[in-house]
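Notes follow once the structure below has been shown.
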Amino acid sequence: MPPALGSRLPALVLACAAAGQAAASPATAPLRVGEAVLEPVPFTALPGFAGDDLAAALAAFRATCAQASGPVLAEAAPNAPNQDLSGPCAAASAVPPDGAKGFFTRHFSAYRVLRPNRDAATERTAGFLTGYFEPELDGSPVSTPDFTVPALGRPDDLVSLEPGETRPGLDPALRAARRDGDAFLPYPDRAAIEDGALGARARPLLWLRDAVDLLVLQVQGSGRVRLPDGRSVRLAYDGRNGRPYTSVARLIVTGGHLPLEGLTLARWTGWLRANPAIARDLIRRNASYIFFRIDDGIPEGAGPRGGAGVPLTAGRSLAVDATLWRYGLPFWLEGSLPDPDGGSAPLRRLVVAQDTGSAILGPARGDLYL
């Protein structure tokens, strides 16, 4: 699922790696994940850990374990932490809500994610956290003068590639391919898709108001669409063309059109609608394109399904770099959240990796479902 273009939430990120692996001694190489070194810390060093609603985190952890496919494994690497969750998943089912703290401290060890290649000391221990949400948009089951932009279903020639998976002759940086007989070709980018490159494989599921609404839907990865008859239909993520993601909001700022300070979703989408000619060019510079499916199998009050295949829980589900971290792994977030009055509130919370995104890259990068 793609990341939000919402508030920037600097936070200290601590990963709980599965227990059963001794911490590295001074004579051995430290544990590593991507560019980061994992520094062991005691749970008592996590401010607010004992006061968090750990039962809510346990419920999210159990939901990931319950998937028939199991949590997704990150690619193994030398000196990597043990991320095998089979033991904790087996034990979680018998834990009462008031036993959540003991469960996490017994089955996991805490590590601070350090990035030693950062120049500033504060940057070595700071993660980068954004928030994402499920938008609700207006739409129509058929094209009308008011609803002109289609939300497309997954084409039958799209081949999605798992982390670390490649195809002969295909750029390893591409995360999807187009099947052409026995060959695999790069999938068309956004501009080509908008210009008709999919042909008859372009299957509109619903029609939205404009390209800006489609962009918001694709950035968030899923959403609810209100139809003229009053029904609400959920569109769920069903693959992407594998092209690199470019933030349109960032292009607006770097192009000098709007300042970064005070930039909100309403402000930058409003600017796009007020400047349609420039907007079309900026949106098409984001080569990534998301496809959807109609998902009517989730209860009304539940969140959309994340990459782990389970409905997301507001405030407890985290999108991570799935090439580095396994779905189901708990993370401790420490930092602050903006409040409606322009101030901030402490963020001290145990969350669970249940999703990913094309811009969620690196060991200290997360996106919190809100």
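Residues in the structure tokens are named by chain (A, B, ... in the order shown) and by number from 1 within that chain; ligands are numbered from 1 in the order shown.
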
Next item on the list: May I have the residues within 12 Å of Gly99 of chain A as a ChimeraX atom specification, using only C-alpha atoms and disregarding those fewer than 2 positions away in the same chain?
Entry: /A:50,53-59,91-97,101-106

Margin query: So that I can see what lies close to Asp367 of chain A, please list as a PyMOL selection string the residues with an atom at most 9 Å from it, counting only C-alpha atoms and leaving out residues fewer than 3 positions away in the same chain.
Written below: chain A and resi 3-4+128-132+317-320+355-357+360

Item checked: Residue among A:Asp180, A:Asp281, A:Asp189, A:Asp156 lying closest to Ala211 of chain A, counting only C-alpha atoms -> A:Asp281

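The interatomic distance for the pair atom CA of Leu370 of chain A and atom CA of Ala45 of chain A works out to 26.0 Å.
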
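If you look at atom CA of Asp157 of chain A and atom CA of Arg284 of chain A, they are 22.0 Å away from each other.
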
Checklist line | Residues near Thr313 of chain A, cut-off 10 Å, only C-alpha atoms, skip fewer than 6 positions along chain, as a PyMOL selection string | finding: chain A and resi 56-57+59-60+63+302-306+351-352+354+368-370
